[in-house]
>>> print(open('entry39.txt').read())   # compact mmCIF, C-alpha atoms
# COMPACT_ATOMS: atom_id res chain seq x y z
CA MET A 1 91.80 116.28 91.68
CA THR A 2 91.15 114.23 88.55
CA GLU A 3 88.73 111.36 88.19
CA LEU A 4 89.28 108.82 85.42
CA PHE A 5 86.86 106.15 84.28
CA ALA A 6 87.91 103.45 81.82
CA SER A 7 84.91 102.68 79.61
CA ASN A 8 86.64 101.90 76.31
CA PRO A 9 85.56 98.37 75.27
CA LEU A 10 89.18 97.73 74.20
CA SER A 11 90.52 98.61 77.65
CA VAL A 12 92.10 95.87 79.73
CA VAL A 13 90.50 97.22 82.93
CA ASP A 14 87.35 98.95 84.05
CA SER A 15 88.55 101.43 86.67
CA ASN A 16 87.43 104.23 88.91
CA ARG A 17 90.61 106.21 89.60
CA VAL A 18 90.98 109.51 91.44
CA LEU A 19 94.21 111.51 91.25
CA TYR A 20 94.72 113.94 94.09
CA THR A 21 97.05 116.90 94.62
CA ALA A 22 97.54 117.67 98.29
CA SER A 23 98.27 121.13 99.60
CA PRO A 24 101.90 122.18 100.17
CA PHE A 25 101.29 121.92 103.91
CA ALA A 26 99.99 118.35 103.59
CA ARG A 27 102.89 117.30 101.36
CA SER A 28 105.45 118.66 103.81
CA SER A 29 103.80 117.61 107.07
CA LEU A 30 101.10 114.94 106.70
CA PHE A 31 100.34 111.55 105.26
CA HIS A 32 98.84 112.56 101.95
CA LEU A 33 97.05 110.87 99.10
CA GLN A 34 98.42 110.70 95.57
CA GLU A 35 95.97 108.34 93.90
CA ILE A 36 93.12 106.08 94.95
CA GLY A 37 90.86 103.78 93.01
CA GLU A 38 89.38 100.43 92.23
CA LEU A 39 89.60 98.34 89.10
CA LYS A 40 88.13 95.25 87.57
CA ALA A 41 90.34 93.47 85.05
CA LEU A 42 88.63 92.75 81.73
CA HIS A 43 91.62 91.00 80.19
CA GLN A 44 94.98 89.84 81.49
CA HIS A 45 97.18 92.84 82.22
CA GLN A 46 100.14 93.93 84.30
CA SER A 47 101.32 97.15 85.94
CA SER A 48 104.92 98.02 86.77
CA ARG A 49 106.77 100.98 88.26
CA SER A 50 110.07 101.87 89.89
CA ASN A 51 111.80 104.94 91.31
CA LEU A 52 108.43 106.40 92.32
CA GLN A 53 108.25 108.38 95.56
CA SER A 54 105.15 106.64 96.77
CA PHE A 55 103.91 103.72 98.82
CA LEU A 56 101.28 101.41 97.40
CA PHE A 57 98.67 99.54 99.37
CA PHE A 58 96.08 97.41 97.64
CA THR A 59 93.60 94.68 98.48
CA VAL A 60 92.56 91.84 96.20
CA ILE A 61 88.76 91.79 96.33
CA SER A 62 88.32 88.85 93.97
CA GLY A 63 90.32 86.86 91.42
CA SER A 64 94.03 86.14 91.63
CA GLY A 65 97.39 87.28 90.33
CA VAL A 66 101.10 87.64 91.01
CA LEU A 67 103.29 90.34 92.56
CA SER A 68 107.02 90.51 91.70
CA TYR A 69 108.90 92.63 94.22
CA GLU A 70 112.53 92.66 95.38
CA GLY A 71 113.37 89.46 93.55
CA GLN A 72 110.43 87.53 95.01
CA LYS A 73 107.17 86.37 93.48
CA TYR A 74 104.01 86.31 95.57
CA GLU A 75 100.82 84.53 94.56
CA LEU A 76 97.87 86.82 95.32
CA LYS A 77 94.35 85.66 96.12
CA PRO A 78 91.15 87.23 97.50
CA SER A 79 91.62 89.17 100.78
CA ASP A 80 95.40 89.42 100.28
CA CYS A 81 96.82 92.86 101.03
CA VAL A 82 99.96 94.35 99.49
CA PHE A 83 102.09 97.10 101.05
CA ILE A 84 105.23 98.08 99.13
CA ASP A 85 107.73 100.89 98.58
CA CYS A 86 107.42 102.10 94.99
CA GLU A 87 110.99 103.39 94.93
CA LYS A 88 111.75 99.72 94.34
CA SER A 89 110.82 98.00 91.13
CA TYR A 90 107.60 95.99 91.16
CA ILE A 91 105.23 94.26 88.75
CA HIS A 92 101.77 92.93 89.49
CA GLN A 93 99.56 91.12 87.04
CA THR A 94 96.25 89.34 87.08
CA ASP A 95 95.76 85.67 86.33
CA GLU A 96 94.23 85.20 82.88
CA ASN A 97 91.75 82.63 84.17
CA GLU A 98 90.74 84.43 87.37
CA LEU A 99 90.74 88.13 86.51
CA TRP A 100 90.94 90.19 89.63
CA THR A 101 89.24 93.17 91.20
CA LEU A 102 91.48 95.48 93.28
CA ARG A 103 91.15 98.49 95.53
CA TRP A 104 94.35 100.52 95.83
CA ILE A 105 95.88 103.60 97.41
CA HIS A 106 99.10 105.42 96.48
CA PHE A 107 100.19 107.69 99.32
CA TYR A 108 103.22 109.34 100.87
CA GLY A 109 104.41 111.42 103.82
CA PRO A 110 107.71 112.65 105.27
CA ALA A 111 107.67 109.94 107.94
CA LEU A 112 106.65 107.05 105.71
CA PRO A 113 110.13 105.84 104.66
CA SER A 114 111.17 105.42 108.31
CA ILE A 115 107.81 103.85 109.19
CA TYR A 116 108.19 101.37 106.36
CA GLN A 117 111.74 100.60 107.48
CA LYS A 118 110.43 99.83 110.97
CA TYR A 119 107.65 97.76 109.40
CA CYS A 120 110.25 95.65 107.60
CA GLU A 121 112.51 95.37 110.65
CA ARG A 122 109.63 94.00 112.68
CA GLY A 123 108.93 91.32 110.06
CA GLY A 124 106.33 93.12 107.96
CA ARG A 125 105.87 91.44 104.59
CA PRO A 126 104.96 92.82 101.15
CA VAL A 127 101.91 90.54 101.15
CA PHE A 128 99.73 89.58 104.10
CA GLN A 129 96.17 88.51 104.77
CA PRO A 130 94.32 90.04 107.74
CA SER A 131 94.03 87.56 110.57
CA ILE A 132 90.35 88.29 111.20
CA ASP A 133 87.51 89.40 108.96
CA ASP A 134 86.97 92.57 111.01
CA LYS A 135 90.41 93.83 110.01
CA LEU A 136 89.69 93.32 106.32
CA LYS A 137 86.35 95.06 106.78
CA ALA A 138 88.11 97.99 108.47
CA ILE A 139 90.61 98.25 105.59
CA ILE A 140 87.78 98.36 103.04
CA GLU A 141 85.94 100.96 105.14
CA GLU A 142 89.04 103.18 105.25
CA HIS A 143 89.34 102.93 101.46
CA LEU A 144 85.70 103.93 100.98
CA ALA A 145 86.04 106.77 103.48
CA LEU A 146 89.09 108.11 101.62
CA MET A 147 87.25 107.92 98.29
CA ASN A 148 84.39 109.96 99.74
CA ILE A 149 86.69 112.54 101.33
CA VAL A 150 88.71 113.05 98.16
CA LYS A 151 85.53 113.71 96.19
CA SER A 152 84.25 116.19 98.75
CA ASP A 153 85.01 119.90 99.05
CA ASP A 154 85.54 119.77 102.81
CA TYR A 155 88.02 122.48 103.82
CA MET A 156 89.51 119.99 106.31
CA ARG A 157 90.05 117.45 103.56
CA ASP A 158 93.82 117.08 103.92
CA MET A 159 93.57 116.63 107.69
CA LEU A 160 90.82 114.03 107.27
CA ILE A 161 92.89 112.18 104.66
CA ASN A 162 95.83 112.16 107.08
CA GLN A 163 93.55 110.77 109.80
CA HIS A 164 92.29 107.89 107.65
CA LEU A 165 95.73 107.06 106.25
CA SER A 166 97.02 106.93 109.84
CA ALA A 167 94.19 104.53 110.71
CA LEU A 168 95.04 102.38 107.69
CA LEU A 169 98.73 102.28 108.67
CA THR A 170 97.76 101.23 112.19
CA ILE A 171 95.81 98.28 110.78
CA ILE A 172 98.68 97.34 108.47
CA MET A 173 101.21 97.44 111.30
CA SER A 174 99.03 95.47 113.69
CA GLU A 175 98.57 92.73 111.11
CA SER A 176 102.14 92.37 109.90
CA TRP A 177 104.41 93.20 112.83
CA HIS A 178 104.08 89.65 114.15
CA PRO A 179 104.03 87.35 111.12
CA GLU A 180 105.48 84.39 112.99
CA ASP A 181 103.44 81.32 113.76
CA GLN A 182 100.31 82.59 115.50
CA GLU A 183 100.40 79.61 117.87
CA GLU A 184 103.77 80.79 119.22
CA MET A 185 102.66 84.33 120.02
CA PRO A 186 100.73 83.63 123.27
CA LYS A 187 103.64 81.52 124.47
CA LYS A 188 106.12 84.32 123.80
CA ARG A 189 103.90 86.87 125.51
CA SER A 190 103.59 84.69 128.61
CA VAL A 191 107.39 84.36 128.77
CA LEU A 192 108.16 88.03 128.13
CA LEU A 193 105.48 89.71 130.23
CA PRO A 194 107.11 88.87 133.61
CA ILE A 195 110.41 90.19 132.26
CA LYS A 196 108.79 93.45 131.16
CA GLU A 197 107.05 93.78 134.53
CA TYR A 198 110.38 93.18 136.29
CA LEU A 199 111.99 95.99 134.27
CA ASP A 200 109.07 98.30 135.06
CA ALA A 201 109.45 97.67 138.79
CA ASN A 202 113.24 97.44 139.13
CA TYR A 203 114.53 100.14 136.76
CA ALA A 204 116.69 101.63 139.53
CA LEU A 205 118.83 98.49 139.69
CA LYS A 206 121.77 97.67 137.48
CA ILE A 207 120.27 95.19 135.02
CA SER A 208 122.02 93.34 132.20
CA LEU A 209 120.80 90.89 129.60
CA ASP A 210 122.82 88.18 131.34
CA ASP A 211 121.10 88.98 134.65
CA LEU A 212 117.66 88.68 133.06
CA ALA A 213 118.54 85.44 131.30
CA GLU A 214 119.72 83.91 134.57
CA ARG A 215 116.81 85.19 136.63
CA PHE A 216 114.12 84.02 134.20
CA PHE A 217 115.86 80.85 132.98
CA ILE A 218 115.88 81.95 129.35
CA ASN A 219 118.52 82.01 126.63
CA LYS A 220 119.72 85.59 126.36
CA PHE A 221 119.83 85.55 122.55
CA TYR A 222 116.26 84.26 122.38
CA LEU A 223 115.26 86.89 124.95
CA SER A 224 116.87 89.71 122.99
CA LYS A 225 115.30 88.69 119.69
CA SER A 226 111.84 87.90 121.09
CA PHE A 227 111.62 91.04 123.23
CA LYS A 228 112.30 93.27 120.24
CA GLU A 229 109.79 91.36 118.10
CA GLN A 230 107.12 91.67 120.79
CA TYR A 231 107.66 95.24 121.98
CA GLY A 232 109.42 96.91 119.08
CA VAL A 233 112.53 97.94 121.03
CA SER A 234 115.53 96.19 122.51
CA VAL A 235 115.61 95.29 126.20
CA ASN A 236 118.19 98.01 126.86
CA ASN A 237 116.22 100.69 125.02
CA TYR A 238 113.03 99.70 126.78
CA LEU A 239 114.76 99.95 130.17
CA LEU A 240 116.22 103.33 129.20
CA SER A 241 112.76 104.57 128.25
CA VAL A 242 111.33 103.48 131.62
CA ARG A 243 114.17 105.24 133.45
CA ILE A 244 113.84 108.46 131.46
CA THR A 245 110.07 108.52 132.03
CA LYS A 246 110.53 108.09 135.78
CA ALA A 247 113.20 110.80 135.78
CA LYS A 248 110.79 113.19 134.03
CA GLN A 249 108.15 112.50 136.67
CA LEU A 250 110.58 113.29 139.48
CA LEU A 251 111.93 116.40 137.75
CA ARG A 252 108.41 117.78 137.38
CA PHE A 253 106.72 116.66 140.55
CA SER A 254 109.45 116.60 143.20
CA ASP A 255 112.09 118.88 144.59
CA LYS A 256 114.76 116.19 144.65
CA PRO A 257 118.21 117.25 143.45
CA ILE A 258 119.10 116.20 139.91
CA GLU A 259 121.99 114.09 141.22
CA GLN A 260 119.62 112.10 143.42
CA ILE A 261 117.08 111.64 140.62
CA GLY A 262 119.73 110.16 138.35
CA LEU A 263 120.70 107.61 140.96
CA GLU A 264 117.11 106.73 141.88
CA CYS A 265 116.24 106.12 138.23
CA GLY A 266 119.21 103.88 137.50
CA LEU A 267 120.85 106.49 135.31
CA GLY A 268 123.94 106.92 137.42
CA GLN A 269 125.96 109.97 138.42
CA ALA A 270 124.90 113.49 137.43
CA HIS A 271 127.17 113.81 134.39
CA TYR A 272 126.07 110.53 132.79
CA PHE A 273 122.43 111.16 133.71
CA SER A 274 122.51 114.63 132.16
CA SER A 275 124.20 113.36 129.00
CA LYS A 276 121.79 110.45 128.51
CA PHE A 277 118.74 112.59 129.33
CA LYS A 278 119.75 115.23 126.79
CA GLU A 279 120.34 112.53 124.18
CA ILE A 280 116.71 111.41 124.54
CA GLU A 281 114.84 114.63 125.36
CA GLY A 282 117.01 117.19 123.57
CA VAL A 283 117.70 119.24 126.71
CA PRO A 284 119.52 118.49 129.99
CA PRO A 285 117.47 117.65 133.12
CA SER A 286 117.85 121.15 134.60
CA VAL A 287 116.40 122.80 131.49
CA TYR A 288 113.61 120.22 131.27
CA ARG A 289 112.64 121.01 134.89
CA GLU A 290 112.55 124.76 134.15
CA GLN A 291 110.53 124.34 130.95
CA TRP A 292 107.85 122.16 132.55
>>> encode(input="entry39.txt", output="structure tokens")
Amino acid sequence: MTELFASNPLSVVDSNRVLYTASPFARSSLFHLQEIGELKALHQHQSSRSNLQSFLFFTVISGSGVLSYEGQKYELKPSDCVFIDCEKSYIHQTDENELWTLRWIHFYGPALPSIYQKYCERGGRPVFQPSIDDKLKAIIEEHLALMNIVKSDDYMRDMLINQHLSALLTIIMSESWHPEDQEEMPKKRSVLLPIKEYLDANYALKISLDDLAERFFINKFYLSKSFKEQYGVSVNNYLLSVRITKAKQLLRFSDKPIEQIGLECGLGQAHYFSSKFKEIEGVPPSVYREQW
């Protein structure tokens, strides 16, 4: 761990920066910290990187500036949050008239590339502003907690860092997975909830997107797109998940034959049921029943 303080009067920033080297276990298995800090710009400056195996999250505490990322320019102002993949080229710079103060975190983990991909698929943006003050407060608290943990000699430090980075990611996802017009969200939920409840109750039936569209008087393309935006999975994958979960319950807590379970859960004849179950759980139904 290295702590750097910029105190040179000719420096463009006054910063409190902590570099951190995680354990081999943390680097291979956990969300781990690479660098964390806060800075106050003293003069106009810019930072740029590319091809860096890292993800950057920062919050603008005061002042303003600009982020250039993936061919887009984003005006940044107080309370704006940035979440980007540093494998891609980026530049951020402060406004010369409103010099900013930032708090940032560089971090990584084996699962982060796929998490970020899901973040983008769900509409997550490089720049967002928390919808309520409590979320911004929670982000700042996670940053402060990480700063304190990194500076400590706690033997559980890497696990605690993983815990707080997970909490930070949860906040980021909850804020940016639904960037559409906030006024439309309650309307979409009210339309989709009866459909979800119908799937939960009628998983044993043969159900198609066309059937749902006709039953609930909704355009099937709108249904498909909105359902995935709201719940993170397609209608078909959600229904499959419900069926597999019910099948697991019956395999563990009943003596029903596997063939009957497949039919009762809407997963068809034994061969198809076994194939689909193994695709999801990694083992066929018979092995799952023996293991549990």
>>> residues_around(input="entry39.txt", residues="A:Ser28", least_positions_apart="4", cutoff="12 Å", atoms="only C-alpha atoms", output="MDAnalysis selection string")
chainID A and resid 22:24 32 108:112 158
>>> atom_distance(input="entry39.txt", atom1="atom CA of A:Arg252", atom2="atom CA of A:Arg289")
5.9 Å
>>> residues_around(input="entry39.txt", residues="stretch 130-134 of chain A", least_positions_apart="2", cutoff="9 Å", atoms="only C-alpha atoms", output="ChimeraX atom specification")
/A:79-81,128,136-139,171-172,175-176
>>> residues_around(input="entry39.txt", residues="A:Leu223", least_positions_apart="2", cutoff="12 Å", atoms="all atoms listed in the file", output="tab-separated table (two decimals) with C-alpha atoms, in the coordinates of the input")
chain	number	residue	atom	x	y	z
A	188	LYS	CA	106.12	84.32	123.80
A	189	ARG	CA	103.90	86.87	125.51
A	191	VAL	CA	107.39	84.36	128.77
A	192	LEU	CA	108.16	88.03	128.13
A	193	LEU	CA	105.48	89.71	130.23
A	195	ILE	CA	110.41	90.19	132.26
A	196	LYS	CA	108.79	93.45	131.16
A	208	SER	CA	122.02	93.34	132.20
A	209	LEU	CA	120.80	90.89	129.60
A	210	ASP	CA	122.82	88.18	131.34
A	211	ASP	CA	121.10	88.98	134.65
A	212	LEU	CA	117.66	88.68	133.06
A	213	ALA	CA	118.54	85.44	131.30
A	214	GLU	CA	119.72	83.91	134.57
A	215	ARG	CA	116.81	85.19	136.63
A	216	PHE	CA	114.12	84.02	134.20
A	217	PHE	CA	115.86	80.85	132.98
A	218	ILE	CA	115.88	81.95	129.35
A	219	ASN	CA	118.52	82.01	126.63
A	220	LYS	CA	119.72	85.59	126.36
A	221	PHE	CA	119.83	85.55	122.55
A	225	LYS	CA	115.30	88.69	119.69
A	226	SER	CA	111.84	87.90	121.09
A	227	PHE	CA	111.62	91.04	123.23
A	228	LYS	CA	112.30	93.27	120.24
A	229	GLU	CA	109.79	91.36	118.10
A	230	GLN	CA	107.12	91.67	120.79
A	231	TYR	CA	107.66	95.24	121.98
A	234	SER	CA	115.53	96.19	122.51
A	235	VAL	CA	115.61	95.29	126.20
A	236	ASN	CA	118.19	98.01	126.86
>>> closest_residue(input="entry39.txt", among="A:Lys40, A:Gly268, A:Asn202, A:Gln34", to="A:Val13", atoms="all atoms listed in the file")
A:Lys40
>>> closest_residue(input="entry39.txt", among="A:Met147, A:Ala41, A:Leu56, A:Leu240", to="A:Leu99", atoms="all atoms listed in the file")
A:Ala41
>>> atom_distance(input="entry39.txt", atom1="atom CA of A:Lys118", atom2="atom CA of A:Asp200")
24.2 Å
>>> residues_around(input="entry39.txt", residues="A:Leu39", least_positions_apart="4", cutoff="6 Å", atoms="only C-alpha atoms", output="ChimeraX atom specification")
/A:14-15,101-102
>>> atom_distance(input="entry39.txt", atom1="atom CA of A:Ser275", atom2="atom CA of A:Leu199")
21.9 Å
>>> closest_residue(input="entry39.txt", among="A:Leu250, A:Ile161, A:Arg103, A:Thr94", to="A:Thr21", atoms="all atoms listed in the file")
A:Ile161
>>> closest_residue(input="entry39.txt", among="A:Phe273, A:Tyr155, A:Tyr119, A:Phe31", to="A:Gln260", atoms="all atoms listed in the file")
A:Phe273
>>> residues_around(input="entry39.txt", residues="A:Phe253", least_positions_apart="6", cutoff="12 Å", atoms="only C-alpha atoms", output="list in words")
Lys246, Ala247, Ile261, Arg289, Glu290 and Trp292 of chain A
>>> closest_residue(input="entry39.txt", among="A:Gly266, A:Gly71, A:Pro194, A:Pro113", to="A:Lys206", atoms="all atoms listed in the file")
A:Gly266
>>> build_atoms(input="entry39.txt", residues="stretch 129-140 of chain A", atoms="all heavy atoms", output="compact mmCIF listing (two decimals), in the frame of the given file")
# COMPACT_ATOMS: atom_id res chain seq x y z
N GLN A 129 97.62 88.62 104.72
CA GLN A 129 96.17 88.51 104.77
C GLN A 129 95.71 88.79 106.19
O GLN A 129 96.23 88.17 107.14
CB GLN A 129 95.70 87.12 104.31
CG GLN A 129 94.18 87.04 104.21
CD GLN A 129 93.71 85.85 103.39
OE1 GLN A 129 93.07 84.96 103.92
NE2 GLN A 129 94.00 85.86 102.09
N PRO A 130 94.78 89.72 106.39
CA PRO A 130 94.32 90.04 107.74
C PRO A 130 93.90 88.79 108.50
O PRO A 130 93.28 87.88 107.94
CB PRO A 130 93.13 90.98 107.49
CG PRO A 130 93.44 91.63 106.18
CD PRO A 130 94.11 90.55 105.37
N SER A 131 94.25 88.76 109.77
CA SER A 131 94.03 87.56 110.57
C SER A 131 92.56 87.35 110.91
O SER A 131 92.13 86.22 111.17
CB SER A 131 94.84 87.63 111.86
OG SER A 131 94.51 88.80 112.59
N ILE A 132 91.78 88.42 110.93
CA ILE A 132 90.35 88.29 111.20
C ILE A 132 89.57 89.13 110.21
O ILE A 132 90.06 90.13 109.68
CB ILE A 132 90.01 88.72 112.65
CG1 ILE A 132 90.49 90.16 112.91
CG2 ILE A 132 90.59 87.76 113.67
CD1 ILE A 132 90.09 90.68 114.28
N ASP A 133 88.33 88.72 109.95
CA ASP A 133 87.51 89.40 108.96
C ASP A 133 87.28 90.87 109.31
O ASP A 133 87.16 91.72 108.41
CB ASP A 133 86.16 88.69 108.81
CG ASP A 133 86.29 87.33 108.14
OD1 ASP A 133 87.33 87.11 107.48
OD2 ASP A 133 85.37 86.51 108.27
N ASP A 134 87.21 91.19 110.61
CA ASP A 134 86.97 92.57 111.01
C ASP A 134 88.07 93.50 110.54
O ASP A 134 87.82 94.68 110.23
CB ASP A 134 86.83 92.67 112.53
CG ASP A 134 85.49 92.14 113.03
OD1 ASP A 134 84.61 91.88 112.18
OD2 ASP A 134 85.32 91.98 114.25
N LYS A 135 89.31 93.00 110.48
CA LYS A 135 90.41 93.83 110.01
C LYS A 135 90.27 94.12 108.52
O LYS A 135 90.51 95.24 108.07
CB LYS A 135 91.75 93.14 110.29
CG LYS A 135 92.11 93.05 111.77
CD LYS A 135 92.46 94.41 112.33
CE LYS A 135 92.87 94.32 113.80
NZ LYS A 135 94.16 93.66 113.98
N LEU A 136 89.90 93.11 107.75
CA LEU A 136 89.69 93.32 106.32
C LEU A 136 88.54 94.30 106.10
O LEU A 136 88.61 95.19 105.25
CB LEU A 136 89.40 92.00 105.62
CG LEU A 136 89.18 92.09 104.10
CD1 LEU A 136 90.40 92.66 103.40
CD2 LEU A 136 88.83 90.72 103.53
N LYS A 137 87.48 94.14 106.87
CA LYS A 137 86.35 95.06 106.78
C LYS A 137 86.78 96.48 107.08
O LYS A 137 86.38 97.43 106.40
CB LYS A 137 85.25 94.62 107.75
CG LYS A 137 84.01 95.50 107.72
CD LYS A 137 82.98 95.00 108.72
CE LYS A 137 81.75 95.92 108.74
NZ LYS A 137 80.76 95.48 109.75
N ALA A 138 87.63 96.65 108.10
CA ALA A 138 88.11 97.99 108.47
C ALA A 138 88.96 98.59 107.36
O ALA A 138 88.88 99.80 107.09
CB ALA A 138 88.91 97.91 109.77
N ILE A 139 89.79 97.77 106.71
CA ILE A 139 90.61 98.25 105.59
C ILE A 139 89.72 98.75 104.46
O ILE A 139 89.94 99.83 103.89
CB ILE A 139 91.53 97.12 105.10
CG1 ILE A 139 92.67 96.89 106.10
CG2 ILE A 139 92.12 97.46 103.72
CD1 ILE A 139 93.50 95.65 105.83
N ILE A 140 88.70 97.98 104.12
CA ILE A 140 87.78 98.36 103.04
C ILE A 140 87.03 99.64 103.42
O ILE A 140 86.84 100.53 102.58
CB ILE A 140 86.82 97.21 102.74
CG1 ILE A 140 87.60 96.04 102.12
CG2 ILE A 140 85.71 97.66 101.79
CD1 ILE A 140 86.78 94.77 101.95
